[in-house]
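Novice: Sharing start_13.txt, compact mmCIF, C-alpha atoms and all ligand atoms:
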# COMPACT_ATOMS: atom_id res chain seq x y z
CA MET Y 1 68.85 -159.25 75.63
CA ALA Y 2 65.76 -161.41 75.78
CA ILE Y 3 65.04 -163.76 78.66
CA MET Y 4 65.52 -167.42 77.76
CA MET Y 5 64.09 -170.51 79.45
CA GLU Y 6 65.92 -173.83 79.54
CA VAL Y 7 65.69 -177.31 80.96
CA PRO Y 8 69.18 -178.03 82.31
CA GLY Y 9 70.90 -181.36 81.79
CA ALA Y 10 72.13 -183.28 84.83
CA ASP Y 11 75.41 -181.35 84.53
CA GLY Y 12 73.52 -178.08 84.93
CA LEU Y 13 72.11 -179.00 88.33
CA GLY Y 14 75.02 -177.50 90.28
CA GLU Y 15 74.40 -174.05 88.85
CA ALA Y 16 70.73 -174.16 89.87
CA VAL Y 17 71.58 -175.36 93.38
CA ASP Y 18 74.17 -172.57 93.74
CA ALA Y 19 71.69 -169.92 92.60
CA LEU Y 20 69.11 -171.13 95.12
CA ARG Y 21 71.72 -171.09 97.87
CA ARG Y 22 72.70 -167.52 97.08
CA TRP Y 23 69.09 -166.31 97.05
CA GLN Y 24 68.17 -167.53 100.54
CA GLN Y 25 68.06 -164.75 103.09
CA ASP Y 26 66.36 -164.09 106.40
CA GLY Y 27 63.39 -161.81 106.09
CA SER Y 28 62.59 -163.03 102.59
CA PRO Y 29 59.13 -164.58 102.18
CA TRP Y 30 59.01 -168.38 101.93
CA GLN Y 31 60.70 -169.54 98.74
CA LEU Y 32 62.08 -172.60 96.97
CA HIS Y 33 65.21 -173.79 98.79
CA PRO Y 34 68.14 -175.96 97.67
CA GLY Y 35 66.77 -178.52 100.14
CA ASP Y 36 63.62 -178.85 98.06
CA LEU Y 37 65.79 -179.92 95.13
CA GLY Y 38 67.66 -182.18 97.52
CA TRP Y 39 64.47 -183.92 98.63
CA PHE Y 40 63.29 -184.20 94.99
CA TRP Y 41 66.59 -185.99 94.26
CA ARG Y 42 64.94 -189.15 95.66
CA SER Y 43 63.81 -189.65 92.06
CA GLY Y 44 67.41 -189.37 90.82
CA ALA Y 45 69.59 -186.68 89.27
CA GLU Y 46 68.16 -187.11 85.77
CA ALA Y 47 64.58 -186.69 86.99
CA THR Y 48 65.56 -183.67 89.08
CA ALA Y 49 67.18 -182.02 86.06
CA ALA Y 50 64.14 -182.82 83.91
CA ALA Y 51 61.86 -181.20 86.52
CA LEU Y 52 63.84 -177.95 86.55
CA ARG Y 53 63.17 -174.83 84.53
CA ILE Y 54 65.73 -172.04 84.48
CA TRP Y 55 65.25 -168.50 83.18
CA ARG Y 56 68.30 -166.42 82.20
CA ARG Y 57 69.08 -162.97 80.89
CA ASP Y 58 72.58 -162.37 79.49
CA GLY Y 59 73.66 -165.72 80.88
CA ARG Y 60 72.65 -164.84 84.43
CA ILE Y 61 70.11 -167.09 86.17
CA LEU Y 62 67.10 -164.98 87.18
CA ALA Y 63 64.59 -167.64 88.19
CA VAL Y 64 64.50 -171.34 89.00
CA GLY Y 65 61.35 -173.48 88.94
CA LEU Y 66 60.87 -177.07 90.10
CA LEU Y 67 57.98 -179.14 88.74
CA ASP Y 68 57.08 -180.83 92.01
CA GLY Y 69 54.67 -183.27 90.38
CA ALA Y 70 53.15 -182.71 86.94
CA ASP Y 71 50.79 -179.93 87.99
CA LEU Y 72 52.74 -177.87 90.57
CA LEU Y 73 55.55 -175.47 89.71
CA ARG Y 74 57.53 -174.17 92.68
CA LEU Y 75 59.39 -171.11 91.57
CA THR Y 76 61.65 -168.43 92.95
CA THR Y 77 63.80 -165.62 91.59
CA ALA Y 78 66.95 -163.75 92.48
CA PRO Y 79 65.97 -161.23 95.20
CA ASP Y 80 66.77 -158.17 93.06
CA VAL Y 81 64.48 -159.18 90.18
CA ARG Y 82 61.32 -160.04 92.16
CA GLN Y 83 59.66 -156.92 90.72
CA ASP Y 84 61.37 -157.01 87.31
CA GLU Y 85 58.59 -156.49 84.82
CA GLU Y 86 60.25 -158.16 81.86
CA LEU Y 87 60.90 -161.27 83.92
CA ALA Y 88 57.41 -161.36 85.44
CA ARG Y 89 55.80 -161.05 82.02
CA ARG Y 90 58.00 -163.76 80.54
CA LEU Y 91 57.32 -166.11 83.48
CA THR Y 92 53.60 -165.45 83.18
CA GLU Y 93 53.57 -166.21 79.45
CA ASP Y 94 55.59 -169.37 79.97
CA VAL Y 95 53.44 -170.77 82.78
CA ILE Y 96 50.05 -169.99 81.22
CA THR Y 97 51.01 -171.42 77.80
CA PRO Y 98 51.09 -175.25 77.89
CA GLU Y 99 53.05 -175.38 74.59
CA ARG Y 100 56.02 -173.74 76.33
CA GLY Y 101 56.61 -176.96 78.25
CA VAL Y 102 56.40 -175.61 81.79
CA LEU Y 103 52.92 -176.55 83.04
CA PRO Y 104 50.34 -178.69 81.22
CA ALA Y 105 46.82 -177.54 80.31
CA GLY Y 106 44.08 -177.90 82.91
CA LYS Y 107 44.35 -177.81 86.68
CA VAL Y 108 47.76 -176.52 87.79
CA ALA Y 109 49.29 -174.44 90.59
CA ILE Y 110 52.32 -172.25 91.25
CA GLU Y 111 54.16 -171.55 94.46
CA ALA Y 112 56.11 -168.29 94.22
CA PRO Y 113 57.45 -165.86 96.82
CA LYS Y 114 54.86 -163.40 98.09
CA ASP Y 115 56.87 -160.42 96.87
CA ALA Y 116 57.19 -161.66 93.27
CA LEU Y 117 55.45 -159.52 90.64
CA LEU Y 118 54.13 -162.74 89.08
CA GLN Y 119 51.68 -162.86 92.00
CA ASP Y 120 49.96 -159.76 90.61
CA LEU Y 121 50.00 -160.84 86.98
CA LEU Y 122 48.55 -164.35 87.15
CA PRO Y 123 45.18 -163.23 88.63
CA GLU Y 124 44.80 -161.04 85.53
CA HIS Y 125 44.73 -164.33 83.61
CA GLY Y 126 42.02 -165.82 85.79
CA TRP Y 127 44.27 -167.60 88.31
CA ARG Y 128 42.92 -167.77 91.87
CA LEU Y 129 44.36 -168.24 95.33
CA ASP Y 130 44.67 -171.85 96.47
CA GLU Y 131 44.58 -173.33 99.99
CA PRO Y 132 46.55 -171.51 102.74
CA TRP Y 133 49.98 -172.64 103.90
CA THR Y 134 51.70 -171.57 107.10
CA PRO Y 135 55.41 -170.74 107.03
CA LEU Y 136 57.10 -171.11 110.40
CA ARG Y 137 60.51 -169.91 111.51
CA LEU Y 138 62.89 -170.26 114.43
CA ASP Y 139 65.80 -167.86 114.88
CA LEU Y 140 69.03 -169.76 115.59
CA THR Y 141 71.11 -166.99 117.13
CA GLU Y 142 70.74 -168.52 120.59
CA PRO Y 143 71.43 -172.20 121.33
CA VAL Y 144 68.48 -174.55 121.01
CA GLN Y 145 67.08 -176.45 124.02
CA ASP Y 146 67.81 -180.14 124.58
CA PRO Y 147 65.40 -182.42 122.65
CA GLY Y 148 65.19 -184.75 125.65
CA VAL Y 149 65.38 -188.01 123.68
CA ARG Y 150 68.16 -189.93 121.97
CA ILE Y 151 68.87 -188.51 118.51
CA GLU Y 152 71.16 -190.13 115.94
CA VAL Y 153 72.62 -188.58 112.81
CA ILE Y 154 71.97 -191.19 110.13
CA GLY Y 155 74.80 -192.33 107.87
CA ALA Y 156 74.59 -194.47 104.74
CA GLU Y 157 74.51 -197.76 106.65
CA GLN Y 158 71.44 -196.61 108.65
CA GLY Y 159 69.53 -195.11 105.71
CA HIS Y 160 66.95 -197.90 105.89
CA VAL Y 161 66.00 -196.84 109.46
CA HIS Y 162 65.33 -193.26 108.39
CA ALA Y 163 63.41 -194.48 105.33
CA ALA Y 164 61.26 -196.87 107.41
CA VAL Y 165 60.25 -194.15 109.90
CA LEU Y 166 59.32 -191.75 107.09
CA ARG Y 167 57.29 -194.48 105.40
CA ALA Y 168 55.42 -195.05 108.66
CA SER Y 169 54.87 -191.29 109.07
CA PHE Y 170 53.29 -190.28 105.79
CA ASP Y 171 50.16 -191.89 104.38
CA LYS Y 172 50.77 -193.47 100.98
CA SER Y 173 54.51 -192.83 101.23
CA ALA Y 174 56.55 -194.61 98.56
CA PHE Y 175 59.83 -193.78 100.25
CA THR Y 176 62.37 -196.62 100.20
CA THR Y 177 65.96 -197.26 101.27
CA GLU Y 178 66.96 -196.94 97.62
CA ARG Y 179 65.36 -193.51 97.49
CA TRP Y 180 67.09 -192.52 100.71
CA HIS Y 181 70.41 -193.27 99.01
CA ALA Y 182 69.34 -191.27 95.96
CA VAL Y 183 68.67 -188.27 98.25
CA ALA Y 184 72.02 -188.77 99.98
CA SER Y 185 73.81 -188.83 96.61
CA GLY Y 186 72.40 -185.43 95.61
CA LEU Y 187 74.44 -182.24 95.45
CA PRO Y 188 72.40 -180.39 98.13
CA TYR Y 189 72.91 -183.27 100.58
CA ALA Y 190 76.46 -182.01 101.23
CA ASP Y 191 74.71 -179.44 103.46
CA ALA Y 192 72.08 -181.81 104.88
CA ARG Y 193 71.65 -184.19 107.79
CA SER Y 194 69.14 -186.99 108.38
CA LEU Y 195 68.17 -187.49 112.02
CA VAL Y 196 66.20 -190.20 113.80
CA ALA Y 197 64.76 -190.03 117.34
CA TYR Y 198 64.60 -193.18 119.49
CA ASP Y 199 62.31 -193.95 122.42
CA ASP Y 200 63.43 -195.49 125.74
CA ARG Y 201 63.05 -199.00 124.30
CA GLY Y 202 65.35 -198.20 121.40
CA ASP Y 203 62.61 -198.03 118.76
CA ALA Y 204 63.07 -195.49 115.96
CA VAL Y 205 60.06 -193.17 116.36
CA ALA Y 206 60.63 -189.93 114.44
CA ALA Y 207 62.69 -188.72 111.47
CA VAL Y 208 63.68 -185.48 109.82
CA THR Y 209 66.04 -184.25 107.12
CA VAL Y 210 67.46 -180.75 107.47
CA TRP Y 211 68.99 -178.72 104.68
CA SER Y 212 71.37 -175.83 105.20
CA ALA Y 213 71.93 -173.28 102.44
CA GLY Y 214 75.28 -172.27 103.92
CA GLU Y 215 76.56 -170.10 106.75
CA GLY Y 216 74.25 -167.29 107.84
CA LYS Y 217 71.34 -168.39 105.66
CA PRO Y 218 68.00 -169.98 106.53
CA GLY Y 219 67.87 -173.77 106.49
CA ILE Y 220 64.76 -175.91 106.13
CA LEU Y 221 63.24 -179.15 107.47
CA GLU Y 222 61.99 -181.47 104.70
CA PRO Y 223 60.48 -183.91 105.53
CA MET Y 224 59.62 -184.36 109.23
CA GLY Y 225 57.40 -187.11 110.58
CA VAL Y 226 56.58 -189.29 113.57
CA HIS Y 227 55.82 -193.00 113.19
CA ARG Y 228 52.03 -193.41 113.37
CA ASP Y 229 52.33 -195.88 116.27
CA HIS Y 230 54.27 -193.35 118.36
CA ARG Y 231 52.32 -190.10 118.05
CA GLY Y 232 51.22 -187.91 120.94
CA HIS Y 233 54.28 -188.53 123.12
CA GLY Y 234 56.26 -185.41 122.28
CA TYR Y 235 58.48 -187.01 119.61
CA GLY Y 236 57.36 -184.53 116.94
CA ARG Y 237 58.42 -181.69 119.19
CA ALA Y 238 61.69 -183.49 120.06
CA ILE Y 239 62.75 -184.24 116.47
CA THR Y 240 61.90 -180.66 115.46
CA ILE Y 241 64.10 -179.27 118.24
CA ALA Y 242 66.88 -181.68 117.20
CA ALA Y 243 66.47 -180.49 113.60
CA ALA Y 244 66.89 -176.87 114.68
CA ALA Y 245 70.02 -177.78 116.66
CA ALA Y 246 71.48 -179.60 113.64
CA LEU Y 247 70.84 -176.60 111.40
CA ARG Y 248 72.48 -174.31 113.94
CA GLU Y 249 75.54 -176.57 113.89
CA LEU Y 250 75.58 -176.34 110.09
CA GLY Y 251 75.73 -172.55 110.42
CA SER Y 252 72.11 -171.73 109.52
CA SER Y 253 70.78 -168.41 110.80
CA SER Y 254 67.26 -169.74 111.15
CA ALA Y 255 65.19 -172.89 110.66
CA ALA Y 256 62.19 -172.63 108.36
CA VAL Y 257 59.36 -174.83 107.24
CA ASN Y 258 56.12 -174.44 105.27
CA THR Y 259 53.12 -176.65 105.90
CA PRO Y 260 49.47 -176.62 104.77
CA SER Y 261 47.51 -174.68 107.41
CA SER Y 262 45.07 -177.61 107.40
CA ASN Y 263 47.85 -179.79 108.88
CA VAL Y 264 46.94 -178.66 112.38
CA ALA Y 265 49.16 -181.27 114.04
CA ALA Y 266 52.23 -180.11 112.13
CA VAL Y 267 51.64 -176.41 112.84
CA ALA Y 268 51.09 -177.22 116.56
CA THR Y 269 54.26 -179.31 116.61
CA TYR Y 270 56.48 -176.61 115.10
CA ARG Y 271 55.03 -174.01 117.47
CA SER Y 272 55.58 -176.35 120.39
CA ALA Y 273 59.25 -176.57 119.35
CA GLY Y 274 59.50 -172.77 119.52
CA PHE Y 275 58.85 -171.86 115.88
CA GLU Y 276 56.90 -168.71 115.14
CA ALA Y 277 54.06 -168.93 112.63
CA LEU Y 278 54.29 -166.18 109.99
CA ALA Y 279 51.55 -164.77 107.75
CA GLU Y 280 49.94 -167.48 105.62
CA ASN Y 281 50.73 -167.78 101.94
CA ARG Y 282 48.80 -169.38 99.11
CA ASP Y 283 49.67 -170.96 95.80
CA LEU Y 284 48.08 -169.53 92.68
CA ALA Y 285 45.92 -172.05 90.85
CA ARG Y 286 44.11 -172.44 87.56
CA GLY Y 287 41.25 -174.82 86.80
C1 LIG Z 1 52.73 -183.73 112.93
C2 LIG Z 1 53.37 -184.89 113.70
C3 LIG Z 1 54.84 -184.89 113.39
C4 LIG Z 1 53.14 -184.68 115.22
O1 LIG Z 1 53.87 -185.68 115.91
P1 LIG Z 1 53.59 -186.04 117.46
O2 LIG Z 1 54.75 -186.82 117.95
O3 LIG Z 1 52.25 -186.62 117.59
O4 LIG Z 1 53.60 -184.56 118.11
P2 LIG Z 1 53.95 -184.21 119.63
O5 LIG Z 1 53.42 -185.29 120.51
O6 LIG Z 1 55.39 -183.86 119.73
O7 LIG Z 1 53.06 -182.91 119.82
C5 LIG Z 1 53.58 -181.62 119.60
C6 LIG Z 1 52.48 -180.60 119.81
O8 LIG Z 1 51.51 -180.71 118.78
C7 LIG Z 1 50.22 -180.93 119.32
N1 LIG Z 1 49.52 -181.88 118.46
C8 LIG Z 1 49.99 -183.07 118.01
N2 LIG Z 1 49.06 -183.66 117.23
C9 LIG Z 1 48.01 -182.82 117.21
C10 LIG Z 1 46.74 -182.88 116.57
N3 LIG Z 1 46.39 -183.92 115.79
N4 LIG Z 1 45.90 -181.83 116.72
C11 LIG Z 1 46.24 -180.76 117.48
N5 LIG Z 1 47.44 -180.66 118.11
C12 LIG Z 1 48.31 -181.68 117.97
C13 LIG Z 1 50.47 -181.53 120.68
O9 LIG Z 1 49.38 -181.29 121.55
C14 LIG Z 1 51.72 -180.81 121.12
O10 LIG Z 1 51.39 -179.51 121.56
P3 LIG Z 1 51.92 -178.94 123.00
O11 LIG Z 1 53.40 -179.22 123.04
O12 LIG Z 1 51.57 -177.50 122.94
O13 LIG Z 1 51.17 -179.71 124.01
C15 LIG Z 1 52.73 -186.25 113.29
O14 LIG Z 1 51.33 -186.16 113.43
C16 LIG Z 1 53.06 -186.70 111.88
O15 LIG Z 1 54.09 -187.33 111.64
N6 LIG Z 1 52.17 -186.39 110.90
C17 LIG Z 1 52.35 -186.83 109.52
C18 LIG Z 1 53.55 -186.22 108.87
C19 LIG Z 1 53.46 -184.71 108.81
O16 LIG Z 1 52.41 -184.12 108.57
N7 LIG Z 1 54.61 -184.05 108.99
C20 LIG Z 1 54.75 -182.63 108.94
C21 LIG Z 1 54.87 -182.23 107.54
S1 LIG Z 1 55.41 -180.59 107.36
The structure in this file should be written as structure tokens.
Specialist:
Amino acid sequence: MAIMMEVPGADGLGEAVDALRRWQQDGSPWQLHPGDLGWFWRSGAEATAAALRIWRRDGRILAVGLLDGADLLRLTTAPDVRQDEELARRLTEDVITPERGVLPAGKVAIEAPKDALLQDLLPEHGWRLDEPWTPLRLDLTEPVQDPGVRIEVIGAEQGHVHAAVLRASFDKSAFTTERWHAVASGLPYADARSLVAYDDRGDAVAAVTVWSAGEGKPGILEPMGVHRDHRGHGYGRAITIAAAAALRELGSSSAAVNTPSSNVAAVATYRSAGFEALAENRDLARG
């Protein structure tokens, strides 16, 4: 049977989240995670559903893509069909053809796992490698060290604190308390925790959200930031260690993150917290 692509309705989100959960495994190259959908949920369930593209064969979901902005598709597949030629050809046709409603004409990019056949096909259509990203990973078999600062798990009544630290961490951030609640209302948030680190004076200085994909699977940090007035005092390292500990408690086998290699401070911070930098990966871009 032919492969079909669909845009799920809001009631189809659960199936996509479940597929992404199942596909996470240690040793797999960096790939779209249920936490990425969870973080996208800040725009609401309807917008998250509208940004999703799902490919099926015989009813089975083979690939899930998230339009993370109008010009970036973040895509992954079930592990056993990474090299499936029919799927790779269909995905290629769909992403290079604007009329198919996946990516628009002009300058666009795709993030896909390194071992996906799509990576070999797109360059045949003139796509090139984009800027390098560094995936980092911490094994969670052994307990994590103490972060050394006060860490709070943030509940609904403290969402504004988490939102304010993130706003003060990322340039041009439009993150609000309302958006924090939208994230917390999302399906993937059942396996997530928001943490805030406090300094000795009781000021909220760093924030992270961690996303588990279930017992024995890699979890991710998204996003992580330190308030711009409080950088250079070890809070980035501390909140990252706290994030790893929270993921371990949620049953994750490892903590993972992917950051542009140009974000030297972030790469240094994750390494300082014990993460190992893996081989760089690059999006494929056109235009
Ligand atoms: C990245 C960020 C979290 C670092 O926070 P921080 O509190 O200043 O970091 P720390 O003080 O804990 O430093 C941790 C390590 O990173 C290093 N580091 C921090 N900033 C650095 C910089 N600009 N350049 C080089 N190294 C840097 C420190 O020297 C330290 O290394 P060490 O432990 O080996 O001495 C902060 O700059 C930030 O919030 N940036 C914007 C948001 C962001 O990019 N988040 C990550 C997205 S994936």
Novice: Around the point (61.1, -196.8, 122.1) in the file's coordinates, collect all residues with an atom within 12 Å, using only C-alpha atoms, and return them as a list of chain:residue names.
Specialist: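 With a cut-off of 12 Å, the residues come to Y:Val149, Y:Arg150, Y:Ile151, Y:Val196, Y:Ala197, Y:Tyr198, Y:Asp199, Y:Asp200, Y:Arg201, Y:Gly202, Y:Asp203, Y:Ala204, Y:Val205, Y:Ala206, Y:His227, Y:Asp229, Y:His230, Y:Arg231, Y:His233, Y:Tyr235.
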Novice: Could you take the residues named above and write them with C-alpha atoms, as a PDB file, in the coordinates of the input?
Specialist:
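So out28.pdb came out as:
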ATOM      1  CA  VAL Y 149      65.380-188.010 123.680  1.00  0.00           C
ATOM      2  CA  ARG Y 150      68.160-189.930 121.970  1.00  0.00           C
ATOM      3  CA  ILE Y 151      68.870-188.510 118.510  1.00  0.00           C
ATOM      4  CA  VAL Y 196      66.200-190.200 113.800  1.00  0.00           C
ATOM      5  CA  ALA Y 197      64.760-190.030 117.340  1.00  0.00           C
ATOM      6  CA  TYR Y 198      64.600-193.180 119.490  1.00  0.00           C
ATOM      7  CA  ASP Y 199      62.310-193.950 122.420  1.00  0.00           C
ATOM      8  CA  ASP Y 200      63.430-195.490 125.740  1.00  0.00           C
ATOM      9  CA  ARG Y 201      63.050-199.000 124.300  1.00  0.00           C
ATOM     10  CA  GLY Y 202      65.350-198.200 121.400  1.00  0.00           C
ATOM     11  CA  ASP Y 203      62.610-198.030 118.760  1.00  0.00           C
ATOM     12  CA  ALA Y 204      63.070-195.490 115.960  1.00  0.00           C
ATOM     13  CA  VAL Y 205      60.060-193.170 116.360  1.00  0.00           C
ATOM     14  CA  ALA Y 206      60.630-189.930 114.440  1.00  0.00           C
ATOM     15  CA  HIS Y 227      55.820-193.000 113.190  1.00  0.00           C
ATOM     16  CA  ASP Y 229      52.330-195.880 116.270  1.00  0.00           C
ATOM     17  CA  HIS Y 230      54.270-193.350 118.360  1.00  0.00           C
ATOM     18  CA  ARG Y 231      52.320-190.100 118.050  1.00  0.00           C
ATOM     19  CA  HIS Y 233      54.280-188.530 123.120  1.00  0.00           C
ATOM     20  CA  TYR Y 235      58.480-187.010 119.610  1.00  0.00           C
TER      21      TYR Y 235
END
Novice: Neighbouring residues of ligand LIG 1 (chain Z) are defined here as those with any atom at most 6 Å from a ligand atom, counting all atoms listed in the file; list them as a list in words.
Specialist: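 Protein and nucleic-acid residues within 6 Å of ligand LIG 1 (chain Z): Ser169, Phe170, Met224, Gly225, Val226, Arg231, Gly232, His233, Gly234, Tyr235, Gly236, Arg237, Thr259, Val264, Ala265, Ala266, Ala268, Thr269 and Ser272 of chain Y.
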Novice: If we count only C-alpha atoms, what is near segment 19-26 of chain Y at a cut-off of 8 Å, once residues fewer than 6 positions away on the same chain are taken out, given as a list in words?
Specialist: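 Residues near the query, excluding close chain neighbours: Leu32, His33, Pro34, Ile61, Val64, Thr77, Ala78, Pro79, Ala213, Gly214, Lys217, Pro218, Ser253 and Ser254 of chain Y.
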Novice: For Val153 of chain Y, which residue out of Y:Ala246, Y:Pro223, Y:Gly106, Y:Leu122 is the nearest one, using only C-alpha atoms?
Specialist: Y:Ala246
Novice: My list of candidates is Y:Ala238, Y:Ala168, Y:Ala279, Y:Val210. Which is closest to Ala255 of chain Y when distances are computed with all atoms listed in the file?
Specialist: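 Among the listed residues, Y:Val210 lies closest to Ala255 of chain Y.
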Novice: Restricting the calculation to all atoms listed in the file: of Y:Gly216, Y:Gly9, Y:Arg228, Y:Leu138, which residue gets closest to Asp171 of chain Y?
Specialist: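 Smallest separation from Asp171 of chain Y among the options: Y:Arg228.
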Novice: Can you pull out the residues contacting Ile3 of chain Y? Cut-off 8 Å, using all atoms listed in the file, and skip same-chain residues under 5 positions away; I want them as a list in words.
Specialist: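 Result of the neighbour search: Trp55, Arg56, Arg57, Asp58, Leu87 and Arg90 of chain Y.
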Novice: With only C-alpha atoms as the atoms that count, which of Y:Asp191, Y:Glu249, Y:Glu131, Y:Glu6 lies nearest to Asp94 of chain Y?
Specialist: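 Closest residue, counting only C-alpha atoms: Y:Glu6.
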Novice: What is the distance between atom CA of Trp133 of chain Y and atom CA of Gln119 of chain Y, in Å to one decimal?
Specialist: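 It comes out at 15.5 Å.
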Novice: Show me the residues around (73.2, -180.1, 108.6) - criterion: an atom at most 10 Å away, all atoms listed in the file counted - as a VMD selection string.
Specialist: chain Y and resid 153 189 to 195 209 to 214 219 to 220 243 to 252
Novice: Any idea what's packed within 12 Å of Asp120 of chain Y, counting all atoms listed in the file, ignoring anything in its chain fewer than 4 positions away? Could you give it as a list in words?
Specialist: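 Result of the neighbour search: Arg82, Gln83, Glu85, Ala88, Arg89, Thr92, Ala112, Pro113, Lys114, Asp115, Ala116, Glu124, His125, Gly126, Trp127, Arg128, Leu129 and Leu284 of chain Y.
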Novice: Between Y:Arg42, Y:Lys172, Y:Arg74, Y:Arg100, which is the closest to Val7 of chain Y once you count all atoms listed in the file?
Specialist: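 Using all atoms listed in the file, the shortest distance to Val7 of chain Y belongs to Y:Arg100.
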Novice: So what do you get for atom CA of Leu278 of chain Y versus atom CA of Thr134 of chain Y, distance-wise?
Specialist: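 Atom CA of Thr134 of chain Y lies 6.6 Å from atom CA of Leu278 of chain Y.
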Novice: Between Y:Gly69, Y:Gly12, Y:Gly59, Y:Pro135, single out the one closest to Pro260 of chain Y, counting only C-alpha atoms.
Specialist: Y:Pro135
Novice: As a list in words, please: the residues near Pro132 of chain Y (cut-off 9 Å, all atoms listed in the file, same-chain neighbours under 4 positions excluded).
Specialist: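 Contacts, with the query itself left out: Thr259, Pro260, Ser261, Ser262, Glu280, Asn281, Arg282 and Asp283 of chain Y.
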